[in-house]
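Chemist: So I've got this file, upload-v7.txt, and it contains compact mmCIF, C-alpha atoms:
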# COMPACT_ATOMS: atom_id res chain seq x y z
CA MET A 1 0.00 0.00 0.00
CA VAL A 2 1.26 3.50 -0.84
CA GLY A 3 -0.20 6.42 1.07
CA ILE A 4 0.15 10.17 0.66
CA VAL A 5 1.88 11.79 3.59
CA ALA A 6 1.24 15.42 2.56
CA ARG A 7 0.29 17.59 -0.37
CA PHE A 8 1.41 21.15 -0.89
CA GLU A 9 1.65 23.77 -3.57
CA ILE A 10 3.77 26.85 -4.09
CA SER A 11 1.83 29.92 -5.17
CA TYR A 12 3.34 32.55 -7.45
CA SER A 13 2.39 36.22 -7.48
CA ARG A 14 2.86 38.90 -10.11
CA CYS A 15 1.04 42.19 -10.54
CA LEU A 16 3.10 43.85 -13.30
CA ASP A 17 4.65 41.98 -16.20
CA PRO A 18 8.04 42.98 -17.66
CA ALA A 19 6.31 45.43 -20.00
CA GLY A 20 4.67 47.19 -17.07
CA LYS A 21 1.20 45.84 -17.83
CA LEU A 22 -1.16 45.05 -14.98
CA VAL A 23 -1.78 41.29 -14.90
CA ALA A 24 -3.36 41.00 -11.44
CA PRO A 25 -5.09 43.37 -9.01
CA LEU A 26 -2.77 45.62 -7.05
CA PRO A 27 -2.51 44.71 -3.35
CA PRO A 28 -4.62 46.97 -1.10
CA THR A 29 -1.47 48.27 0.60
CA ALA A 30 0.03 49.47 -2.70
CA CYS A 31 -2.80 50.59 -4.93
CA ASP A 32 -2.52 54.35 -4.54
CA PRO A 33 -0.42 56.15 -7.18
CA ASP A 34 1.50 58.01 -4.49
CA GLN A 35 2.50 54.69 -2.92
CA LEU A 36 3.68 53.37 -6.28
CA ILE A 37 5.67 56.51 -6.93
CA ALA A 38 7.32 56.15 -3.51
CA LEU A 39 8.36 52.60 -4.42
CA TYR A 40 9.78 53.78 -7.73
CA ARG A 41 11.66 56.66 -6.16
CA ALA A 42 13.19 54.26 -3.61
CA MET A 43 14.47 51.95 -6.34
CA VAL A 44 16.01 54.84 -8.28
CA ARG A 45 17.61 56.14 -5.09
CA THR A 46 19.07 52.71 -4.39
CA ARG A 47 20.49 52.42 -7.89
CA SER A 48 22.03 55.88 -7.62
CA LEU A 49 23.76 54.95 -4.36
CA ASP A 50 25.00 51.70 -5.89
CA ALA A 51 26.50 53.48 -8.87
CA LYS A 52 28.32 55.98 -6.66
CA ALA A 53 29.59 53.24 -4.34
CA VAL A 54 30.96 51.22 -7.26
CA ALA A 55 32.69 54.33 -8.62
CA LEU A 56 34.24 55.07 -5.22
CA GLN A 57 35.46 51.50 -4.89
CA HIS A 58 36.99 51.52 -8.35
CA THR A 59 39.00 54.60 -7.40
CA GLY A 60 40.20 53.12 -4.12
CA ARG A 61 38.03 55.23 -1.83
CA LEU A 62 35.62 52.52 -0.65
CA GLY A 63 35.95 48.87 0.30
CA THR A 64 34.52 45.91 -1.60
CA PHE A 65 30.87 46.66 -2.37
CA ALA A 66 27.90 44.49 -3.35
CA SER A 67 25.60 46.23 -5.83
CA SER A 68 21.91 45.33 -6.05
CA LEU A 69 21.60 46.29 -9.73
CA GLY A 70 18.57 44.52 -11.19
CA GLN A 71 17.09 43.31 -7.93
CA GLU A 72 16.18 46.54 -6.15
CA ALA A 73 12.53 45.49 -6.06
CA VAL A 74 13.24 42.75 -3.52
CA SER A 75 14.72 44.90 -0.78
CA VAL A 76 12.53 47.95 -1.43
CA GLY A 77 9.36 45.88 -1.74
CA ALA A 78 10.06 43.90 1.42
CA ALA A 79 11.06 46.90 3.54
CA SER A 80 8.06 48.94 2.38
CA ALA A 81 5.80 46.25 3.84
CA THR A 82 7.35 46.55 7.31
CA ARG A 83 6.32 48.73 10.19
CA GLU A 84 8.78 50.94 12.04
CA GLU A 85 8.67 48.64 15.09
CA ASP A 86 9.67 45.57 13.04
CA VAL A 87 13.35 44.63 12.85
CA LEU A 88 15.27 44.18 9.61
CA LEU A 89 18.15 41.71 9.40
CA PRO A 90 19.81 42.38 6.06
CA SER A 91 22.37 40.49 4.07
CA PHE A 92 25.01 42.40 2.12
CA ARG A 93 22.84 43.51 -0.82
CA GLU A 94 19.85 45.07 0.92
CA GLN A 95 20.77 48.76 0.84
CA GLY A 96 17.38 49.48 -0.72
CA ALA A 97 15.68 48.09 2.39
CA GLN A 98 18.03 49.94 4.69
CA LEU A 99 17.46 53.25 2.92
CA TRP A 100 13.68 52.74 3.12
CA ARG A 101 13.88 52.14 6.86
CA GLY A 102 15.91 55.28 7.51
CA VAL A 103 19.55 54.32 7.20
CA THR A 104 21.28 57.24 5.49
CA PRO A 105 23.52 57.12 2.42
CA LEU A 106 26.34 58.54 4.55
CA GLU A 107 26.00 55.70 7.04
CA LEU A 108 26.14 53.17 4.21
CA PHE A 109 29.24 54.77 2.71
CA LEU A 110 30.89 54.73 6.14
CA TYR A 111 30.10 51.06 6.62
CA TRP A 112 31.47 49.99 3.24
CA GLY A 113 34.47 52.23 3.86
CA GLY A 114 35.33 50.23 6.98
CA ASP A 115 34.17 52.85 9.46
CA GLU A 116 32.40 51.47 12.55
CA ARG A 117 30.18 54.55 12.70
CA GLY A 118 28.40 53.27 9.62
CA SER A 119 26.53 50.69 11.70
CA ASN A 120 25.47 53.19 14.37
CA PHE A 121 22.18 54.06 12.69
CA ALA A 122 20.65 57.32 13.86
CA ARG A 123 17.11 56.23 13.02
CA ALA A 124 16.81 52.45 12.52
CA ARG A 125 18.26 51.81 15.95
CA GLU A 126 17.13 48.19 16.35
CA ASP A 127 17.78 47.04 12.79
CA PHE A 128 20.78 44.77 12.52
CA PRO A 129 23.94 45.79 10.67
CA VAL A 130 24.91 44.30 7.32
CA CYS A 131 25.68 40.58 7.57
CA VAL A 132 28.48 39.55 5.22
CA PRO A 133 28.80 35.88 6.32
CA VAL A 134 26.31 33.98 4.18
CA GLY A 135 23.14 33.00 6.05
CA SER A 136 24.41 33.37 9.62
CA HIS A 137 21.94 36.16 10.39
CA ALA A 138 18.99 33.78 9.89
CA GLN A 139 19.66 32.45 13.37
CA HIS A 140 19.90 35.99 14.72
CA ALA A 141 16.44 36.60 13.24
CA VAL A 142 15.11 33.62 15.17
CA GLY A 143 16.51 35.12 18.37
CA VAL A 144 14.87 38.47 17.65
CA ALA A 145 11.54 36.80 16.88
CA LEU A 146 11.74 34.71 20.05
CA ALA A 147 12.20 37.90 22.08
CA PHE A 148 9.10 39.37 20.45
CA LYS A 149 7.08 36.27 21.28
CA LEU A 150 8.25 36.11 24.88
CA ARG A 151 7.42 39.79 25.33
CA LYS A 152 4.04 39.29 23.62
CA GLU A 153 4.88 42.13 21.21
CA LYS A 154 3.09 42.30 17.86
CA ARG A 155 6.32 42.80 15.92
CA SER A 156 8.13 40.75 13.33
CA ALA A 157 11.69 40.10 12.29
CA VAL A 158 12.36 40.32 8.55
CA CYS A 159 15.44 38.44 7.38
CA ILE A 160 16.64 38.73 3.76
CA PHE A 161 19.26 36.45 2.23
CA GLY A 162 20.23 35.05 -1.15
CA ASP A 163 19.59 31.69 -2.77
CA GLY A 164 23.05 30.48 -1.83
CA ALA A 165 22.23 30.92 1.87
CA THR A 166 19.50 28.29 1.65
CA SER A 167 22.26 25.70 1.15
CA LYS A 168 23.78 26.64 4.52
CA GLY A 169 23.10 24.80 7.75
CA ASP A 170 22.54 28.12 9.53
CA VAL A 171 19.42 28.77 7.45
CA ALA A 172 18.11 25.21 7.73
CA GLU A 173 18.44 25.33 11.50
CA ALA A 174 16.81 28.75 11.68
CA LEU A 175 13.84 27.64 9.59
CA ASN A 176 13.43 24.54 11.72
CA VAL A 177 13.49 26.38 15.04
CA ALA A 178 11.22 29.15 13.77
CA GLY A 179 8.67 26.55 12.71
CA VAL A 180 8.84 24.50 15.89
CA TRP A 181 8.46 27.55 18.09
CA GLN A 182 6.01 29.33 15.75
CA LEU A 183 7.99 32.55 15.80
CA PRO A 184 7.05 35.91 14.22
CA VAL A 185 9.69 36.01 11.49
CA VAL A 186 9.50 36.38 7.71
CA PHE A 187 12.40 35.02 5.70
CA VAL A 188 12.81 36.53 2.23
CA VAL A 189 14.95 34.49 -0.16
CA CYS A 190 16.33 36.66 -2.94
CA ASN A 191 16.80 34.10 -5.70
CA ASN A 192 18.92 35.96 -8.24
CA GLY A 193 20.11 32.79 -9.93
CA TRP A 194 23.68 32.82 -8.68
CA ALA A 195 25.56 32.26 -5.43
CA ILE A 196 28.69 34.11 -6.55
CA SER A 197 29.76 31.84 -9.42
CA MET A 198 27.53 28.88 -8.53
CA PRO A 199 24.32 28.71 -10.60
CA ARG A 200 21.06 27.98 -8.84
CA HIS A 201 20.57 24.53 -10.44
CA ARG A 202 23.87 23.31 -8.96
CA GLN A 203 23.00 24.44 -5.45
CA SER A 204 19.86 22.43 -4.83
CA ALA A 205 17.72 19.79 -6.48
CA ALA A 206 14.57 21.41 -5.08
CA GLN A 207 12.29 22.71 -7.81
CA THR A 208 11.79 25.91 -5.83
CA LEU A 209 13.55 27.34 -2.79
CA ALA A 210 10.21 28.28 -1.26
CA GLN A 211 9.32 24.62 -0.75
CA LYS A 212 12.14 24.30 1.77
CA ALA A 213 9.67 25.87 4.18
CA ILE A 214 6.41 25.37 2.22
CA ALA A 215 5.81 28.97 1.40
CA ALA A 216 5.12 31.32 -1.48
CA GLY A 217 6.98 32.66 -4.48
CA PHE A 218 6.64 35.84 -6.48
CA ASP A 219 8.16 37.85 -9.28
CA GLY A 220 11.07 39.48 -7.50
CA ASN A 221 11.38 42.13 -10.23
CA ASP A 222 7.82 43.28 -9.53
CA VAL A 223 8.14 45.57 -6.52
CA VAL A 224 4.35 45.72 -6.13
CA ALA A 225 4.11 41.92 -5.87
CA VAL A 226 7.01 41.82 -3.41
CA HIS A 227 5.34 44.43 -1.26
CA GLY A 228 1.96 42.69 -1.35
CA VAL A 229 3.22 39.19 -0.54
CA VAL A 230 5.54 40.31 2.26
CA ALA A 231 2.85 42.58 3.72
CA ALA A 232 0.41 39.67 3.86
CA ALA A 233 3.05 37.41 5.43
CA LEU A 234 3.87 40.04 8.06
CA GLU A 235 0.21 40.50 8.91
CA ARG A 236 -0.20 36.77 9.54
CA THR A 237 3.07 36.55 11.44
CA ARG A 238 2.25 39.44 13.77
CA GLY A 239 -1.14 37.84 14.42
CA GLY A 240 0.42 34.62 15.69
CA GLY A 241 0.42 32.75 12.39
CA GLY A 242 4.00 31.60 12.78
CA PRO A 243 6.98 32.07 10.47
CA HIS A 244 6.83 32.50 6.72
CA LEU A 245 9.32 32.12 3.92
CA VAL A 246 8.89 33.82 0.57
CA GLU A 247 11.07 33.42 -2.49
CA ALA A 248 11.71 36.35 -4.81
CA LEU A 249 12.66 35.35 -8.35
CA THR A 250 14.99 38.01 -9.73
CA TYR A 251 18.35 38.33 -11.48
CA ARG A 252 21.63 39.98 -10.55
CA LEU A 253 22.63 42.18 -13.50
CA CYS A 254 26.00 43.09 -12.02
CA ASP A 255 29.04 41.32 -10.64
CA HIS A 256 28.58 39.57 -7.29
CA THR A 257 30.69 42.31 -5.71
CA THR A 258 33.31 44.73 -6.92
CA ALA A 259 35.85 41.97 -6.18
CA ASP A 260 34.15 39.67 -8.69
CA ASP A 261 34.22 39.35 -12.48
CA ALA A 262 30.97 37.68 -13.48
CA SER A 263 32.05 37.41 -17.12
CA ARG A 264 34.20 34.45 -16.06
CA TYR A 265 31.14 32.32 -15.34
CA ARG A 266 28.19 34.00 -17.13
CA GLU A 267 27.64 34.61 -20.79
CA ASP A 268 26.89 38.21 -21.79
CA ALA A 269 23.89 36.96 -23.75
CA GLU A 270 22.37 35.54 -20.57
CA VAL A 271 22.67 38.86 -18.75
CA SER A 272 21.29 40.77 -21.75
CA ARG A 273 18.15 38.62 -21.76
CA HIS A 274 17.31 39.80 -18.25
CA TRP A 275 17.74 43.55 -18.72
CA PRO A 276 14.21 44.02 -20.13
CA GLU A 277 12.83 42.46 -16.93
CA GLU A 278 14.53 44.87 -14.51
CA PRO A 279 12.20 46.29 -11.84
CA GLY A 280 12.53 50.04 -12.30
CA LEU A 281 11.63 49.97 -15.96
CA ARG A 282 8.38 48.07 -15.54
CA LEU A 283 7.08 50.26 -12.72
CA ARG A 284 8.03 53.42 -14.58
CA GLN A 285 6.17 52.19 -17.65
CA PHE A 286 3.11 51.39 -15.55
CA LEU A 287 3.12 54.82 -13.90
CA THR A 288 3.56 56.48 -17.28
CA GLU A 289 0.56 54.61 -18.66
CA LEU A 290 -1.46 55.76 -15.65
CA GLY A 291 -0.51 59.34 -16.43
CA GLN A 292 1.28 59.58 -13.07
CA TRP A 293 4.84 59.93 -14.35
CA THR A 294 6.39 62.18 -16.98
CA LYS A 295 9.80 62.81 -18.51
CA ALA A 296 10.07 65.92 -16.36
CA ASP A 297 9.33 63.87 -13.25
CA GLU A 298 12.07 61.44 -14.23
CA GLU A 299 14.64 64.14 -14.84
CA ARG A 300 13.79 65.83 -11.55
CA LEU A 301 14.10 62.56 -9.65
CA LEU A 302 17.46 61.71 -11.22
CA HIS A 303 18.76 65.18 -10.38
CA GLU A 304 17.51 64.98 -6.78
CA THR A 305 18.93 61.54 -6.09
CA ALA A 306 22.25 62.36 -7.74
CA ALA A 307 22.57 65.50 -5.61
CA GLU A 308 21.70 63.61 -2.41
CA ILE A 309 24.10 60.74 -3.05
CA THR A 310 26.91 63.04 -4.19
CA ALA A 311 26.54 65.14 -1.04
CA ALA A 312 26.65 61.99 1.11
CA ALA A 313 29.76 60.75 -0.70
CA GLU A 314 31.50 64.08 -0.23
CA ALA A 315 30.62 64.09 3.48
CA TYR A 316 32.02 60.56 3.77
CA LEU A 317 35.26 61.49 2.02
CA ALA A 318 35.66 64.59 4.19
CA MET A 319 35.41 62.69 7.49
CA THR A 320 38.57 61.86 9.37
CA PRO A 321 38.91 58.07 9.25
CA GLN A 322 38.73 56.11 12.47
CA GLU A 323 41.83 54.46 13.89
CA PRO A 324 42.31 50.72 13.15
CA SER A 325 41.89 50.02 16.87
CA THR A 326 38.15 50.63 16.55
CA ILE A 327 37.87 47.16 15.02
CA PHE A 328 38.50 45.91 18.56
CA ASP A 329 36.76 48.68 20.47
CA TYR A 330 33.36 48.29 18.82
CA THR A 331 33.28 44.52 18.43
CA PHE A 332 33.60 43.47 22.07
CA ALA A 333 31.98 44.93 25.18
CA ILE A 334 34.79 43.30 27.16
CA LEU A 335 37.90 42.80 25.07
CA PRO A 336 39.42 39.31 25.48
CA ALA A 337 42.91 39.52 26.89
CA GLU A 338 44.48 37.75 23.94
CA LEU A 339 43.07 40.36 21.58
CA ALA A 340 44.38 43.20 23.74
CA VAL A 341 47.85 42.16 22.63
CA GLN A 342 46.80 42.46 18.99
CA ARG A 343 45.16 45.82 19.64
CA GLN A 344 48.35 47.51 20.78
CA PRO A 345 50.06 47.65 17.33
CA ALA A 346 46.85 49.08 15.92
CA LEU A 347 46.96 52.02 18.29
CA GLY A 348 48.05 55.34 16.86
CA SER A 349 48.91 58.48 18.72
CA ALA A 350 45.70 60.12 17.54
CA CYS A 351 43.51 57.52 19.21
CA LEU A 352 45.21 57.39 22.62
CA ALA A 353 42.69 59.83 24.00
CA ALA A 354 39.76 57.81 22.67
CA PRO A 355 37.68 55.71 25.10
CA GLU A 356 39.13 52.22 25.27
CA ALA A 357 37.14 49.01 25.52
CA LYS A 358 37.24 47.18 28.82
CA ILE A 359 39.90 44.50 28.82
CA ALA A 360 39.15 41.14 30.41
CA ASN A 361 41.53 39.64 32.93
CA GLN A 362 43.38 36.47 32.01
CA THR A 363 41.15 34.57 34.43
CA ASP A 364 37.84 35.83 32.97
Please, can you express the file's structure as structure tokens?

Modeler:
Amino acid sequence: MVGIVARFEISYSRCLDPAGKLVAPLPPTACDPDQLIALYRAMVRTRSLDAKAVALQHTGRLGTFASSLGQEAVSVGAASATREEDVLLPSFREQGAQLWRGVTPLELFLYWGGDERGSNFARAREDFPVCVPVGSHAQHAVGVALAFKLRKEKRSAVCIFGDGATSKGDVAEALNVAGVWQLPVVFVVCNNGWAISMPRHRQSAAQTLAQKAIAAGFDGNDVVAVHGVVAAALERTRGGGGPHLVEALTYRLCDHTTADDASRYREDAEVSRHWPEEPGLRLRQFLTELGQWTKADEERLLHETAAEITAAAEAYLAMTPQEPSTIFDYTFAILPAELAVQRQPALGSACLAAPEAKIANQTD
């Protein structure tokens, strides 16, 4: 006898097709033209920051940087569905989400320039800093969500990571614990087709990544769909519906980071095929068809964002860099004794007057 243990299906959501045509009703939380314009402006702002950051890195004035070119809709759409009291746990390509939630361009430039002040957000105080290790922040998200549940707070953790992270044990363990404990956390998998140079089909035999937690998928280049699906997931999560995982299908149009050369493992023809699907173009076309966006609007937006990002870059370049010792001072509340030895060569005369971290005794 053969029995069926379980049946499930993975839904897929899209509101705007690549040509900017409406193919499904807009979600109630993003049906007003002003809301759509805000989403579009956020994606343009993100792309402007990315372009400036890449230029700064190429001229040796910024560290290695991960652009989100082509997948801005994922981070902007997800963040726009959050409330201020929610907590974002970003990976290293979610500057669109960070900007939406109040992190400033200056703070982002400082972070990618190796300055510890870049993670000291003036506004998004409880949001986590950028997580460069792949997938490790998924477990941090579980801890945040557990705190919310224990405190009986109607808040949610939102954790964004790439397709490659779903192959990590950290993510598998986080999904398992979140499900067992029914925690208020939404995991957003940004499936851009590549984990650095590893194509999606060589990472996992699963037909979708969403099925790893029995969840939902959507067009990750459709910012309206991203917003709608994540908003619905957050509403259920805050109401005690347990964790959710959503998979955003998108494509990285740029190198993995400025330290990468994607032409070594991707054909130019493959990348070219995806340019017509990029998120900003389709939303702009939709707004234009609605009569809500004009060439003058576009030119004004480009001028405004360029001015803002340029001013932030100039402020970053004008700041006196921190001493290397801050790597130690802002990583540990109590500095382990063995690291105190390493800290001494990093000290410069200019930082001797700076507050020093507490140093643990050998017996601590």

Chemist: In terms of the shortest atom-to-atom distance over only C-alpha atoms, which of A:Asn176, A:Ala53, A:Asp170, A:Val87 is closest to A:Val144?

Modeler: A:Val87

Chemist: I'd like the neighbourhood of A:Leu36 as a PyMOL selection string, where a residue qualifies if any of its atoms comes within 12 Å (using all atoms listed in the file), though same-chain residues fewer than 3 positions away should be ignored.

Modeler: chain A and resi 16+26-33+39-43+73+76-77+80+222-225+227-228+280+282-288+290+292-293

Chemist: Given all atoms listed in the file, how would the per-residue table for stretch 105-186 of chain A near stretch 306-309 of chain A read, listing every residue at most 12 Å away with its closest atom pair and distance in Å to one decimal, sorted by chain and number, as CSV?

Modeler:
residue,atom,partner,partner_atom,distance
A:Pro105,CA,A:Ile309,CA,6.6
A:Leu106,CA,A:Ile309,CA,8.2
A:Glu107,CA,A:Ile309,CA,11.4
A:Leu108,CA,A:Ile309,CA,10.7
A:Phe109,CA,A:Ile309,CA,9.8

Chemist: Around stretch 286-297 of chain A, with edges along x, y and z and 5 Å added on all six sides, what centre and edge lengths do you get, in Å to one decimal, as lines of an AutoDock Vina configuration file?

Modeler:
center_x = 4.3
center_y = 58.7
center_z = -15.9
size_x = 21.5
size_y = 24.5
size_z = 15.6

Chemist: Hey, which of A:Val2, A:Ala312, A:Val177, A:Ala66 ends up closest to A:Leu253? Count all atoms listed in the file.

Modeler: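 Closest to A:Leu253, using all atoms listed in the file: A:Ala66.
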
Chemist: Counting all atoms listed in the file, what is within 7 Å of A:Arg101, bar same-chain residues fewer than 4 positions away, as a PyMOL selection string?

Modeler: chain A and resi 79+97+124

Chemist: Quick one: residues within 10 Å of A:Glu304, only C-alpha atoms counted, chain neighbours fewer than 6 positions away excluded, as a list of chain:residue names?

Modeler: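 Answer for this query is A:Arg45, A:Glu298, A:Thr310.
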
Chemist: One decimal, Å: what's the distance from atom CA of A:Thr46 over to atom CA of A:Gly96, could you say?

Modeler: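 So the two atoms, atom CA of A:Thr46 and atom CA of A:Gly96, lie 5.2 Å apart.
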
Chemist: In terms of the shortest atom-to-atom distance over all atoms listed in the file, which of A:Arg123, A:Lys295, A:Arg93, A:Arg264 is closest to A:Arg47?

Modeler: A:Arg93

Chemist: Counting only C-alpha atoms, what is within 10 Å of A:Ala157, bar same-chain residues fewer than 4 positions away, as a ChimeraX atom specification?

Modeler: /A:82,85-89,127,138,140-146,148,183-187,234,237-238,243

Chemist: Record the distance separating atom CA of A:Gly169 and atom CA of A:Gly242, expressed in Å with one decimal.

Modeler: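 A separation of 20.9 Å between them.
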
Chemist: Please determine, counting only C-alpha atoms, which residue among A:Val158, A:Val23, A:Ala122, A:Val246 has the shortest atom-to-atom distance to A:His137.

Modeler: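 That would be A:Val158, the residue with the smallest distance to A:His137.
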
Chemist: Using all atoms listed in the file, can you tell me which of A:Ile334, A:Leu281, A:Leu62, A:Val74 comes closest to A:Lys21?

Modeler: A:Leu281

Chemist: In Å to one decimal, how far is atom CA of A:Val180 from atom CA of A:Val230?

Modeler: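 Calculated distance between atom CA of A:Val230 and atom CA of A:Val180 is 21.1 Å.
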